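The next block is target-v5.txt, given as compact mmCIF, C-alpha atoms.
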# COMPACT_ATOMS: atom_id res chain seq x y z
CA MET O 874 123.83 -127.44 -10.79
CA SER O 875 121.03 -127.21 -8.26
CA LEU O 876 120.05 -125.07 -5.31
CA LYS O 877 120.10 -127.00 -2.02
CA ASN O 878 119.82 -126.26 1.70
CA GLN O 879 119.17 -122.55 1.14
CA ASN O 880 116.68 -120.31 2.91
CA ILE O 881 114.03 -118.94 0.53
CA ILE O 882 111.32 -116.45 1.48
CA ILE O 883 108.44 -116.29 -1.01
CA PHE O 884 106.00 -113.38 -0.81
CA SER O 885 103.04 -114.56 -2.82
CA GLN O 886 99.98 -113.19 -4.54
CA MET O 887 98.20 -116.50 -3.91
CA GLN O 888 97.06 -117.79 -0.54
CA PHE O 889 98.47 -121.15 0.49
CA ASP O 890 95.04 -122.75 0.98
CA GLY O 891 93.38 -121.46 -2.18
CA LYS O 892 90.87 -123.78 -3.84
CA LEU O 893 92.61 -123.69 -7.22
CA GLU O 894 96.11 -124.84 -8.04
CA SER O 895 98.56 -121.95 -8.32
CA THR O 896 101.98 -121.58 -9.88
CA ASN O 897 103.11 -119.69 -6.77
CA TYR O 898 102.36 -122.35 -4.18
CA THR O 899 103.37 -125.24 -6.43
CA MET O 900 106.79 -123.62 -6.82
CA ALA O 901 107.07 -123.21 -3.05
CA LYS O 902 106.25 -126.86 -2.39
CA LEU O 903 108.77 -128.14 -4.90
CA LEU O 904 111.55 -125.77 -3.80
CA ALA O 905 110.96 -127.01 -0.25
CA LYS O 906 111.97 -130.55 -1.18
CA ASP O 907 115.62 -129.63 -0.70
CA ASN O 908 115.54 -126.04 0.59
CA PHE O 909 114.00 -124.23 3.58
CA VAL O 910 111.03 -122.28 2.27
CA TYR O 911 109.00 -119.64 4.12
CA TYR O 912 105.83 -118.80 2.19
CA VAL O 913 104.43 -115.40 3.14
CA ASP O 914 100.69 -115.73 2.62
CA ARG O 915 98.98 -112.84 0.85
CA PRO O 916 98.14 -110.41 3.67
CA TYR O 917 94.52 -109.92 4.61
CA THR O 918 93.35 -106.33 4.35
CA TRP O 919 91.10 -104.82 7.02
CA ARG O 920 88.24 -105.29 4.57
CA ASP O 921 89.13 -108.99 4.17
CA TYR O 922 89.24 -109.33 7.94
CA ILE O 923 85.60 -108.26 8.20
CA LYS O 924 84.35 -109.90 5.00
CA PHE O 925 85.82 -113.36 5.61
CA LYS O 926 85.68 -113.58 9.41
CA ASN O 927 83.28 -116.55 9.39
CA THR O 928 85.13 -118.58 6.76
CA PRO O 929 87.36 -121.62 7.41
CA GLU O 930 90.27 -119.73 5.82
CA PHE O 931 89.91 -116.88 8.31
CA LYS O 932 89.69 -119.27 11.25
CA THR O 933 92.90 -120.95 10.10
CA ARG O 934 94.73 -117.61 10.19
CA ARG O 935 93.10 -115.97 13.23
CA PRO O 936 95.51 -117.35 15.88
CA HIS O 937 98.46 -116.05 13.86
CA PHE O 938 97.41 -112.52 12.85
CA PHE O 939 98.54 -110.56 15.90
CA SER O 940 101.41 -112.54 17.40
CA SER O 941 104.83 -112.62 15.77
CA SER O 942 105.79 -115.59 17.96
CA LYS O 943 102.78 -117.53 16.61
CA SER O 944 102.86 -116.29 13.04
CA ILE O 945 104.00 -119.57 11.48
CA ILE O 946 101.82 -122.43 10.22
CA GLN O 947 103.71 -125.67 9.67
CA THR O 948 102.64 -127.53 6.53
CA ASP O 949 102.81 -131.28 5.97
CA ILE O 950 106.07 -130.64 4.10
CA PRO O 951 108.81 -130.40 6.78
CA ASN O 952 110.78 -127.66 5.01
CA LEU O 953 107.75 -125.51 4.11
CA LYS O 954 106.37 -123.02 6.60
CA ILE O 955 103.62 -120.43 6.09
CA ILE O 956 104.08 -116.94 7.52
CA ILE O 957 100.85 -115.08 8.33
CA SER O 958 101.08 -111.28 8.37
CA PRO O 959 98.88 -108.94 10.40
CA PRO O 960 95.96 -107.42 8.45
CA VAL O 961 96.93 -104.28 6.56
CA PRO O 962 94.88 -101.16 5.74
CA SER O 963 92.70 -101.38 2.63
CA ILE O 964 94.24 -98.80 0.30
CA ASN O 965 93.45 -99.89 -3.24
CA MET O 966 90.51 -97.49 -3.44
CA LEU O 967 92.88 -94.51 -3.04
CA PRO O 968 93.82 -92.62 -6.20
CA GLU O 969 97.31 -93.17 -7.53
CA GLY O 970 99.68 -90.51 -6.22
CA LYS O 971 101.76 -89.40 -3.25
CA PHE O 972 99.12 -90.25 -0.62
CA TYR O 973 98.68 -93.79 -1.96
CA ARG O 974 102.43 -94.36 -2.12
CA THR O 975 102.81 -93.13 1.49
CA ALA O 976 100.05 -95.49 2.65
CA LEU O 977 101.78 -98.27 0.72
CA LYS O 978 104.95 -97.70 2.73
CA LEU O 979 102.93 -98.33 5.91
CA ASN O 980 101.66 -101.65 4.56
CA GLU O 981 105.17 -102.64 3.54
CA TRP O 982 106.41 -101.79 7.02
CA LEU O 983 103.66 -103.87 8.69
CA VAL O 984 104.36 -106.95 6.59
CA GLY O 985 108.12 -106.40 6.58
CA SER O 986 108.26 -106.09 10.38
CA ARG O 987 106.48 -109.43 10.75
CA ILE O 988 108.86 -111.17 8.34
CA LYS O 989 111.93 -109.61 9.98
CA LYS O 990 110.83 -110.92 13.38
CA VAL O 991 110.49 -114.42 11.92
CA ILE O 992 113.93 -114.07 10.33
CA LYS O 993 115.38 -113.03 13.68
CA ASN O 994 113.57 -115.70 15.73
CA LEU O 995 114.60 -118.49 13.36
CA ARG O 996 118.10 -117.06 12.82
CA ILE O 997 117.71 -117.08 9.06
CA THR O 998 120.73 -115.72 7.19
CA ASP O 999 121.86 -115.37 3.58
CA TYR O 1000 118.44 -115.94 2.09
CA ILE O 1001 116.76 -115.55 -1.28
CA TYR O 1002 113.62 -113.42 -1.51
CA ILE O 1003 111.11 -114.21 -4.27
CA ASN O 1004 108.19 -111.90 -4.91
CA SER O 1005 105.80 -114.31 -6.62
CA TYR O 1006 103.55 -111.95 -8.57
CA ASN O 1007 102.60 -109.83 -5.54
CA PHE O 1008 103.41 -106.41 -6.95
CA THR O 1009 101.15 -104.75 -4.35
CA LEU O 1010 104.18 -104.29 -2.07
CA PRO O 1011 106.91 -103.55 -4.64
CA SER O 1012 109.65 -102.40 -2.26
CA LEU O 1013 109.22 -104.98 0.49
CA HIS O 1014 112.54 -106.62 -0.39
CA LYS O 1015 114.38 -103.39 0.42
CA LEU O 1016 113.21 -103.64 4.04
CA LEU O 1017 114.27 -107.28 4.24
CA GLU O 1018 117.69 -106.93 2.56
CA PRO O 1019 118.07 -110.46 1.16
CA VAL O 1020 121.21 -111.62 -0.62
CA LEU O 1021 119.21 -112.14 -3.82
CA SER O 1022 115.87 -110.52 -4.73
CA VAL O 1023 113.69 -112.07 -7.43
CA TYR O 1024 110.40 -111.20 -9.12
CA HIS O 1025 108.42 -114.15 -10.49
CA CYS O 1026 106.07 -112.71 -13.10
CA VAL O 1027 103.35 -115.26 -13.90
CA ASP O 1028 100.79 -113.16 -15.78
CA PRO O 1029 100.21 -109.78 -17.43
CA ILE O 1030 98.48 -107.14 -15.33
CA ILE O 1031 95.08 -106.62 -16.93
CA GLU O 1032 92.30 -106.63 -14.34
CA PRO O 1033 91.00 -103.10 -13.54
CA TYR O 1034 91.63 -103.45 -9.80
CA GLN O 1035 95.23 -104.46 -10.63
CA THR O 1036 96.03 -101.86 -13.27
CA LYS O 1037 94.96 -98.96 -11.05
CA HIS O 1038 98.22 -99.11 -9.09
CA GLY O 1039 99.81 -102.33 -10.30
CA LEU O 1040 101.35 -101.11 -13.55
CA ILE O 1041 103.39 -98.50 -11.68
CA SER O 1042 104.16 -100.84 -8.77
CA GLU O 1043 105.30 -103.68 -11.00
CA ASP O 1044 107.68 -101.40 -12.89
CA ILE O 1045 109.18 -100.31 -9.56
CA LEU O 1046 109.55 -103.94 -8.54
CA VAL O 1047 111.06 -105.14 -11.83
CA LYS O 1048 113.53 -102.27 -11.90
CA ASN O 1049 114.87 -102.88 -8.40
CA VAL O 1050 115.19 -106.66 -8.05
CA ASP O 1051 118.28 -108.64 -8.98
CA LEU O 1052 116.51 -111.18 -11.17
CA VAL O 1053 113.19 -111.50 -13.05
CA ILE O 1054 111.67 -114.85 -14.05
CA CYS O 1055 108.73 -114.76 -16.49
CA THR O 1056 106.32 -117.51 -17.55
CA SER O 1057 106.03 -116.38 -21.19
CA LYS O 1058 108.47 -115.09 -23.80
CA GLU O 1059 106.48 -111.93 -24.37
CA LEU O 1060 106.45 -111.11 -20.66
CA MET O 1061 110.23 -111.63 -20.59
CA ASN O 1062 110.71 -109.33 -23.60
CA LYS O 1063 108.74 -106.57 -21.87
CA LYS O 1064 110.45 -106.93 -18.48
CA ALA O 1065 113.89 -107.07 -20.11
CA LEU O 1066 113.38 -103.48 -21.24
CA ILE O 1067 113.41 -102.51 -17.55
CA ASN O 1068 115.67 -105.19 -16.08
CA LYS O 1069 118.11 -106.89 -18.45
CA ASN O 1070 118.50 -109.82 -16.02
CA SER O 1071 115.13 -111.29 -17.12
CA TYR O 1072 114.55 -114.92 -18.08
CA PHE O 1073 111.80 -117.10 -19.51
CA ILE O 1074 110.82 -120.28 -17.66
CA PRO O 1075 107.29 -121.37 -18.62
CA ASN O 1076 104.55 -122.88 -16.53
CA ALA O 1077 104.18 -126.64 -16.39
CA ALA O 1078 101.76 -129.13 -14.89
CA ASN O 1079 101.45 -131.53 -12.01
CA ILE O 1080 101.47 -134.55 -14.31
CA SER O 1081 101.43 -137.01 -11.41
CA HIS O 1082 98.00 -135.62 -10.53
CA SER O 1083 96.42 -135.21 -13.97
CA SER O 1084 97.71 -138.62 -15.10
CA LYS O 1085 95.47 -140.25 -12.49
CA THR O 1086 92.85 -139.86 -15.22
CA LEU O 1087 94.47 -142.85 -16.94
CA ASN O 1088 93.75 -145.18 -14.03
CA PRO O 1089 91.05 -147.59 -15.28
CA GLU O 1090 89.67 -147.87 -11.73
CA LEU O 1091 89.06 -144.13 -11.41
CA LYS O 1092 85.37 -143.29 -11.72
CA ILE O 1093 84.23 -140.40 -13.88
CA SER O 1094 82.97 -137.43 -11.85
CA ASP O 1095 79.25 -137.42 -11.02
CA ILE O 1096 79.08 -134.00 -12.67
CA PHE O 1097 78.51 -135.76 -16.00
CA LYS O 1098 75.84 -138.28 -15.01
CA ASP O 1099 72.97 -136.37 -16.67
CA ILE O 1100 74.98 -134.87 -19.54
CA LYS O 1101 75.03 -136.61 -22.92
CA LYS O 1102 78.22 -137.32 -24.82
CA PRO O 1103 80.35 -136.27 -26.56
CA ILE O 1104 81.55 -133.87 -23.87
CA ILE O 1105 83.70 -130.91 -24.84
CA GLY O 1106 85.19 -129.74 -21.55
CA TYR O 1107 86.92 -126.73 -20.07
CA PHE O 1108 88.48 -126.82 -16.58
CA GLY O 1109 89.44 -123.47 -15.06
CA ALA O 1110 88.27 -120.00 -14.18
CA ILE O 1111 85.56 -118.56 -16.42
CA GLU O 1112 86.76 -114.99 -16.70
CA ARG O 1113 88.32 -112.34 -18.92
CA ARG O 1114 90.40 -114.71 -21.04
CA ILE O 1115 87.48 -116.69 -22.43
CA ASP O 1116 86.38 -115.83 -25.98
CA TYR O 1117 82.65 -115.74 -25.29
CA ASP O 1118 81.72 -114.83 -28.87
CA LEU O 1119 83.59 -117.87 -30.14
CA MET O 1120 81.88 -120.08 -27.56
CA GLN O 1121 78.40 -118.85 -28.50
CA THR O 1122 79.13 -119.75 -32.12
CA LEU O 1123 80.39 -123.19 -31.10
CA PHE O 1124 77.23 -123.87 -29.09
CA LYS O 1125 75.04 -123.09 -32.10
CA THR O 1126 77.08 -124.94 -34.72
CA ASN O 1127 77.63 -128.04 -32.59
CA PRO O 1128 74.18 -128.84 -31.14
CA ASP O 1129 75.07 -132.55 -30.92
CA LYS O 1130 77.84 -131.87 -28.40
CA SER O 1131 77.71 -130.94 -24.71
CA PHE O 1132 79.98 -128.07 -23.66
CA VAL O 1133 80.83 -128.39 -19.97
CA MET O 1134 82.68 -125.46 -18.37
CA ILE O 1135 83.91 -126.28 -14.89
CA GLY O 1136 85.23 -123.48 -12.69
CA PRO O 1137 84.39 -120.30 -10.80
CA ILE O 1138 82.60 -117.61 -12.79
CA ASP O 1139 83.87 -114.02 -12.66
CA ARG O 1140 80.62 -112.07 -12.84
CA TYR O 1141 82.51 -108.93 -13.79
CA TYR O 1142 82.89 -110.44 -17.27
CA ILE O 1143 79.94 -112.76 -17.63
CA LYS O 1144 76.71 -113.35 -15.74
CA GLU O 1145 75.65 -116.97 -15.44
CA GLU O 1146 72.00 -116.17 -16.08
CA GLU O 1147 72.91 -114.42 -19.36
CA TYR O 1148 75.47 -116.95 -20.60
CA LYS O 1149 73.12 -119.68 -21.81
CA ALA O 1150 72.71 -122.37 -24.45
CA PRO O 1151 70.82 -125.70 -24.46
CA ASN O 1152 74.12 -127.59 -24.72
CA LEU O 1153 76.10 -125.46 -22.24
CA PHE O 1154 76.59 -126.73 -18.69
CA LEU O 1155 78.16 -124.51 -16.02
CA THR O 1156 78.97 -126.57 -12.93
CA GLY O 1157 80.79 -124.06 -10.78
CA ALA O 1158 84.16 -124.65 -9.11
CA VAL O 1159 85.41 -128.14 -8.34
CA PRO O 1160 88.24 -128.87 -5.86
CA TYR O 1161 91.60 -129.42 -7.51
CA GLU O 1162 91.76 -132.90 -5.97
CA GLU O 1163 88.82 -133.91 -8.16
CA MET O 1164 90.42 -132.76 -11.41
CA PRO O 1165 91.40 -136.27 -12.66
CA ALA O 1166 87.83 -137.58 -12.30
CA VAL O 1167 86.59 -134.48 -14.14
CA LEU O 1168 89.11 -134.70 -16.98
CA LYS O 1169 88.25 -138.37 -17.40
CA GLY O 1170 84.75 -137.29 -18.39
CA PHE O 1171 86.02 -135.04 -21.21
CA ASP O 1172 86.04 -136.41 -24.75
CA VAL O 1173 87.91 -133.29 -25.84
CA ALA O 1174 89.54 -130.65 -23.61
CA ILE O 1175 89.50 -127.06 -24.83
CA ILE O 1176 91.24 -123.74 -24.19
CA PRO O 1177 88.95 -121.12 -25.79
CA PHE O 1178 90.99 -118.02 -24.93
CA LYS O 1179 90.52 -114.86 -26.93
CA LYS O 1180 93.38 -113.43 -28.93
CA ASP O 1181 94.02 -109.86 -27.82
CA GLU O 1182 96.78 -107.48 -26.82
CA VAL O 1183 97.85 -109.60 -23.83
CA SER O 1184 97.24 -113.11 -25.19
CA SER O 1185 100.88 -113.76 -26.02
CA ASP O 1186 101.72 -113.17 -22.34
CA ILE O 1187 99.63 -116.17 -21.23
CA PHE O 1188 101.10 -119.63 -20.68
CA PRO O 1189 98.25 -121.63 -19.11
CA LEU O 1190 98.79 -124.42 -16.59
CA LYS O 1191 95.79 -126.32 -17.92
CA LEU O 1192 97.49 -126.97 -21.27
CA PHE O 1193 99.91 -129.53 -19.86
CA GLU O 1194 97.38 -130.79 -17.33
CA TYR O 1195 95.12 -131.66 -20.23
CA LEU O 1196 97.96 -133.36 -22.11
CA GLY O 1197 99.03 -135.24 -18.99
CA SER O 1198 95.53 -136.64 -18.66
CA GLY O 1199 95.74 -138.03 -22.18
CA ARG O 1200 92.77 -136.00 -23.42
CA PRO O 1201 92.79 -134.56 -26.98
CA VAL O 1202 93.24 -130.78 -26.80
CA VAL O 1203 91.84 -128.03 -29.02
CA SER O 1204 92.78 -124.40 -28.41
CA THR O 1205 92.55 -121.00 -29.99
CA ASP O 1206 95.83 -119.62 -31.36
CA PHE O 1207 96.09 -116.99 -28.61
CA ASN O 1208 99.82 -117.53 -27.99
CA PRO O 1209 101.99 -118.76 -30.90
CA ASP O 1210 104.84 -119.66 -28.51
CA LEU O 1211 102.86 -122.64 -27.22
CA GLU O 1212 103.47 -124.59 -30.41
CA ASP O 1213 107.19 -124.68 -29.54
CA PHE O 1214 106.31 -126.79 -26.50
CA THR O 1215 103.41 -128.92 -27.75
CA PHE O 1216 104.69 -129.68 -31.27
CA ASP O 1217 101.83 -131.25 -33.27
CA THR O 1218 99.82 -132.63 -30.34
CA VAL O 1219 97.45 -129.66 -29.96
CA SER O 1220 95.20 -128.07 -32.58
CA TYR O 1221 95.47 -124.26 -32.54
CA CYS O 1222 92.53 -122.57 -34.28
CA LYS O 1223 91.99 -119.09 -35.72
CA ASN O 1224 88.18 -119.09 -35.72
CA ALA O 1225 85.03 -121.03 -34.82
CA ASP O 1226 84.99 -123.02 -38.07
CA GLU O 1227 88.53 -124.26 -37.51
CA PHE O 1228 87.71 -124.98 -33.88
CA SER O 1229 84.66 -127.09 -34.77
CA ALA O 1230 86.62 -129.02 -37.40
CA ALA O 1231 89.44 -129.67 -34.92
CA VAL O 1232 86.97 -130.97 -32.33
CA GLU O 1233 85.58 -133.42 -34.90
CA VAL O 1234 89.10 -134.69 -35.63
CA ALA O 1235 89.89 -134.92 -31.91
CA LEU O 1236 86.84 -137.11 -31.34
CA LYS O 1237 88.51 -139.71 -33.58
CA ASP O 1238 91.39 -140.09 -31.16
CA THR O 1239 93.79 -143.06 -31.26
CA PRO O 1240 96.15 -144.67 -28.70
CA GLU O 1241 99.12 -143.53 -30.80
CA LEU O 1242 98.05 -139.89 -30.61
CA GLN O 1243 97.40 -140.19 -26.89
CA LYS O 1244 100.93 -141.52 -26.34
CA LYS O 1245 102.39 -138.51 -28.18
CA ARG O 1246 100.46 -136.19 -25.88
CA LEU O 1247 101.65 -138.02 -22.79
CA ASP O 1248 105.25 -137.83 -24.01
CA VAL O 1249 104.96 -134.06 -24.48
CA ALA O 1250 103.44 -133.68 -21.03
CA ALA O 1251 106.27 -135.72 -19.50
CA ASP O 1252 108.76 -133.16 -20.82
CA ASN O 1253 106.83 -130.26 -19.27
CA THR O 1254 106.46 -131.25 -15.64
CA TRP O 1255 106.90 -128.99 -12.64
CA GLU O 1256 109.95 -131.06 -11.72
CA HIS O 1257 111.58 -129.96 -14.99
CA ARG O 1258 110.65 -126.32 -14.45
CA ILE O 1259 111.77 -126.21 -10.82
CA SER O 1260 115.10 -127.70 -11.84
CA GLU O 1261 115.53 -124.78 -14.27
CA ILE O 1262 114.46 -122.28 -11.62
CA LYS O 1263 116.83 -123.72 -9.02
CA SER O 1264 119.76 -123.59 -11.45
CA LEU O 1265 119.00 -119.96 -12.29
CA LEU O 1266 118.62 -119.04 -8.62
CA LYS O 1267 121.88 -120.79 -7.71
CA ILE O 1268 123.90 -118.98 -10.38
CA ASN O 1269 122.55 -115.56 -9.43
CA PHE O 1270 122.70 -116.23 -5.68
CA GLU O 1271 126.37 -117.22 -5.79
CA GLU O 1272 127.28 -114.32 -8.08
CA LYS O 1273 125.56 -111.86 -5.72
CA LYS O 1274 127.28 -113.36 -2.67
CA ASP O 1275 130.64 -113.03 -4.42
CA ARG O 1276 129.94 -109.37 -5.22
CA ILE O 1277 128.91 -108.68 -1.63
CA PHE O 1278 132.07 -110.38 -0.36
CA THR O 1279 134.23 -108.36 -2.76
CA TRP O 1280 132.58 -105.09 -1.69
CA SER O 1281 132.99 -105.90 2.00
CA LYS O 1282 136.69 -106.67 1.53
CA LYS O 1283 137.19 -103.45 -0.39
CA PHE O 1284 135.66 -101.23 2.28
CA ASN O 1285 136.99 -103.03 5.35

Output the file's structure as structure tokens, nothing else.
Amino acid sequence: MSLKNQNIIIFSQMQFDGKLESTNYTMAKLLAKDNFVYYVDRPYTWRDYIKFKNTPEFKTRRPHFFSSSKSIIQTDIPNLKIIISPPVPSINMLPEGKFYRTALKLNEWLVGSRIKKVIKNLRITDYIYINSYNFTLPSLHKLLEPVLSVYHCVDPIIEPYQTKHGLISEDILVKNVDLVICTSKELMNKKALINKNSYFIPNAANISHSSKTLNPELKISDIFKDIKKPIIGYFGAIERRIDYDLMQTLFKTNPDKSFVMIGPIDRYYIKEEEYKAPNLFLTGAVPYEEMPAVLKGFDVAIIPFKKDEVSSDIFPLKLFEYLGSGRPVVSTDFNPDLEDFTFDTVSYCKNADEFSAAVEVALKDTPELQKKRLDVAADNTWEHRISEIKSLLKINFEEKKDRIFTWSKKFN
């Protein structure tokens, strides 16, 4: 059972041209293989409009901001179109309460009006609406009146700028949609308390991309040319999830190893000039296209996430990207559910001593162990996950259409 030839509108938290891979846009691209997908880019605020006006991203959007007839950007995927909304007022600084919620209605109307004009112009009917982790406009689907409304919950809400209004907004959203899809079991358990029609479909990886690492002709990234081996590597954002205390211990107890952390640094949590060690190398962000050449330089790939009150909600993309590259993987035990998907191919560690010991074992990798990792990765591709998502959408979409048809017959 699969969803085909349906219209799907995705309102996303992630911008379509973001530098890092995102669950949101990956899902849109794969759904567009056999459906008609309209990806509503995260709206610029008035503050964004001023702050980013000289950036390439702004220039891409500028012709589309203020004209509903020119609001669509066609991607290189025939069935995937990007909808650009007009800039909306910056309201996050307002205190939670009646005034904020009134201002929020204005933003929903501005974005909703743009989408409704696209729907009218393109004569889109009987469509599915997916809010992909953009809880900032929790009632947008009510303005659009889709056949099926879905919330795709990809992470817990933990950042201060999110929690200010997001905890309330997300509850409103979860309560009022027809279907909730969560990327971790713990997220599903929490959302099911509000909406019983909640399901768990985990993140996966673009194995076709990360497996390029295995190509013998691929050159290792120049990032590593002045860094001695063995290289213990991390690829991803350097932010709240990292266990910095653990990492500092690892630097000191493993002076013979180079720890290379590749990704943007969130200075709210760590300042580059303060996060130092002789064997630590912070390279900054690298384009996603270069990931295979970067992973090829890793002797061991790590996920040093801290274990806290939200850890069990996290199902990281990089886990299966690492496995798909063939690299040995060592992780903290931040989410016990991960073992159900990785079996015995990943070492999950409780503390720095266990982590160091696991790294030593991983450095003695064998072709047999690498094959086991590749087999696990092959069972956790985005193609597998999208197949599950499409089946779930199809079931709920057809059930909702049947209910609507029954109601219309009853009252006509």

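Checking O:Ser895, O:Asn1068, O:Asn1253, O:Asn878 one by one against O:Ile1080, counting only C-alpha atoms, you find the shortest gap at O:Asn1253.
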
Using only C-alpha atoms, find the one residue out of O:Glu1271, O:Glu1147, O:Asp921, O:Asp1028 that sits nearest to O:Leu876.
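Closest residue, counting only C-alpha atoms: O:Glu1271.
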
Find the spatial neighbours of stretch 1223-1226 of chain O, counting all atoms listed in the file, within a cut-off of 8 Å - ignore same-chain residues fewer than 2 positions away - and output them as a PyMOL selection string.
chain O and resi 1119-1120+1122-1123+1205-1206+1221+1228-1230

Skipping near chain neighbours, those fewer than 5 positions away, what residues fall within 7 Å of O:Leu1153 using only C-alpha atoms, listed as a PyMOL selection string?
chain O and resi 1131-1133

Residues of stretch 1151-1261 of chain O at most 12 Å from stretch 1062-1067 of chain O: nearest atom pair and distance in Å, only C-alpha atoms, as a Markdown table:
| residue | atom | partner | partner_atom | distance |
| --- | --- | --- | --- | --- |
| O:Val1183 | CA | O:Lys1063 | CA | 11.5 |
| O:Ser1185 | CA | O:Asn1062 | CA | 11.1 |
| O:Asp1186 | CA | O:Lys1063 | CA | 9.6 |

Point (108.0, -113.1, -7.2), cut-off 10 Å, counting only C-alpha atoms, residues as an mmCIF file with C-alpha atoms, keeping the file's coordinate frame:
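Here's the written file point-v5.cif:
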data_model
loop_
_atom_site.group_PDB
_atom_site.id
_atom_site.type_symbol
_atom_site.label_atom_id
_atom_site.label_comp_id
_atom_site.auth_asym_id
_atom_site.auth_seq_id
_atom_site.Cartn_x
_atom_site.Cartn_y
_atom_site.Cartn_z
ATOM 1 C CA ILE O 882 111.320 -116.450 1.480
ATOM 2 C CA ILE O 883 108.440 -116.290 -1.010
ATOM 3 C CA PHE O 884 106.000 -113.380 -0.810
ATOM 4 C CA SER O 885 103.040 -114.560 -2.820
ATOM 5 C CA GLN O 886 99.980 -113.190 -4.540
ATOM 6 C CA ASN O 897 103.110 -119.690 -6.770
ATOM 7 C CA TYR O 1002 113.620 -113.420 -1.510
ATOM 8 C CA ILE O 1003 111.110 -114.210 -4.270
ATOM 9 C CA ASN O 1004 108.190 -111.900 -4.910
ATOM 10 C CA SER O 1005 105.800 -114.310 -6.620
ATOM 11 C CA TYR O 1006 103.550 -111.950 -8.570
ATOM 12 C CA ASN O 1007 102.600 -109.830 -5.540
ATOM 13 C CA PHE O 1008 103.410 -106.410 -6.950
ATOM 14 C CA PRO O 1011 106.910 -103.550 -4.640
ATOM 15 C CA SER O 1022 115.870 -110.520 -4.730
ATOM 16 C CA VAL O 1023 113.690 -112.070 -7.430
ATOM 17 C CA TYR O 1024 110.400 -111.200 -9.120
ATOM 18 C CA HIS O 1025 108.420 -114.150 -10.490
ATOM 19 C CA CYS O 1026 106.070 -112.710 -13.100
ATOM 20 C CA VAL O 1027 103.350 -115.260 -13.900
ATOM 21 C CA LEU O 1046 109.550 -103.940 -8.540
ATOM 22 C CA VAL O 1047 111.060 -105.140 -11.830
ATOM 23 C CA VAL O 1050 115.190 -106.660 -8.050
ATOM 24 C CA LEU O 1052 116.510 -111.180 -11.170
ATOM 25 C CA VAL O 1053 113.190 -111.500 -13.050
ATOM 26 C CA ILE O 1054 111.670 -114.850 -14.050
ATOM 27 C CA CYS O 1055 108.730 -114.760 -16.490
#

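Using all atoms listed in the file, the smallest distance between any of O:Phe1178, O:Phe1207, O:Ser1084, O:Phe1154 and O:Glu1112 comes from O:Phe1178.
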
Counting only C-alpha atoms, closest pick from O:Val1020, O:Ile1259, O:Ile1100, O:Leu1265 relative to O:Leu903 is O:Ile1259

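Residue nearest O:Asn1208 within the list O:Asp1172, O:Glu1059, O:Glu1146, O:Asp1248: O:Glu1059 [criterion: smallest interatomic distance, only C-alpha atoms].
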
Go through O:Ser1081, O:Asn980, O:Asn994, O:Asn965 one by one, measure the shortest atom-to-atom distance of each to O:Lys1037 using all atoms listed in the file, and give the residue with the smallest value.
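Of O:Ser1081, O:Asn980, O:Asn994, O:Asn965, the one nearest O:Lys1037 is O:Asn965, counting all atoms listed in the file.
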
Is it possible to get the residues within 12 Å of (86.7, -135.5, -32.7) (coordinates as in the file, counting only C-alpha atoms) written as a ChimeraX atom specification?
/O:1102-1105,1127,1130,1171-1175,1200-1203,1220,1228-1239

What are the centre and the three edge lengths of an axis-aligned box that wraps all atoms of stretch 1071-1085 of chain O in the file, given that 4 Å is added to every side, written as AutoDock Vina command-line options and rounded to one decimal in Å?
--center_x 105.3 --center_y -125.8 --center_z -15.0 --size_x 27.7 --size_y 37.0 --size_z 17.0

I'd like the neighbourhood of O:Leu1091 as a list in words, where a residue qualifies if any of its atoms comes within 9 Å (using only C-alpha atoms), though same-chain residues fewer than 6 positions away should be ignored.
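Near O:Leu1091, the qualifying residues are Lys1085, Pro1165, Ala1166 and Lys1169 of chain O.
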
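Excluding O:Pro1177 itself and any same-chain residue fewer than 6 positions from it, the protein and nucleic acid residues within 7 Å of it, counting only C-alpha atoms, are Ile1115, Asp1116, Ser1204 and Thr1205 of chain O.
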
Just to be explicit: take each residue in the selection above, keep C-alpha atoms, and write the result as a compact mmCIF listing (two decimals), in the coordinates of the input.
# COMPACT_ATOMS: atom_id res chain seq x y z
CA ILE O 1115 87.48 -116.69 -22.43
CA ASP O 1116 86.38 -115.83 -25.98
CA SER O 1204 92.78 -124.40 -28.41
CA THR O 1205 92.55 -121.00 -29.99

Quick one: pull the distance between atom CA of O:Asn1070 and atom CA of O:Thr1254, Å, one decimal.
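Taking atom CA of O:Asn1070 and atom CA of O:Thr1254, their separation equals 24.6 Å.
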
Compile the contact shell of O:Ile950 as a short mmCIF file (atom, residue, chain, number, x, y, z; two decimals) with C-alpha atoms, in the frame of the given file: residues with an atom at most 9 Å away, counting only C-alpha atoms, same-chain residues fewer than 6 positions apart removed.
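File result-v1.cif, as written:
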data_model
loop_
_atom_site.label_atom_id
_atom_site.label_comp_id
_atom_site.auth_asym_id
_atom_site.auth_seq_id
_atom_site.Cartn_x
_atom_site.Cartn_y
_atom_site.Cartn_z
CA LYS O 902 106.25 -126.86 -2.39
CA ALA O 905 110.96 -127.01 -0.25
CA LYS O 906 111.97 -130.55 -1.18
#
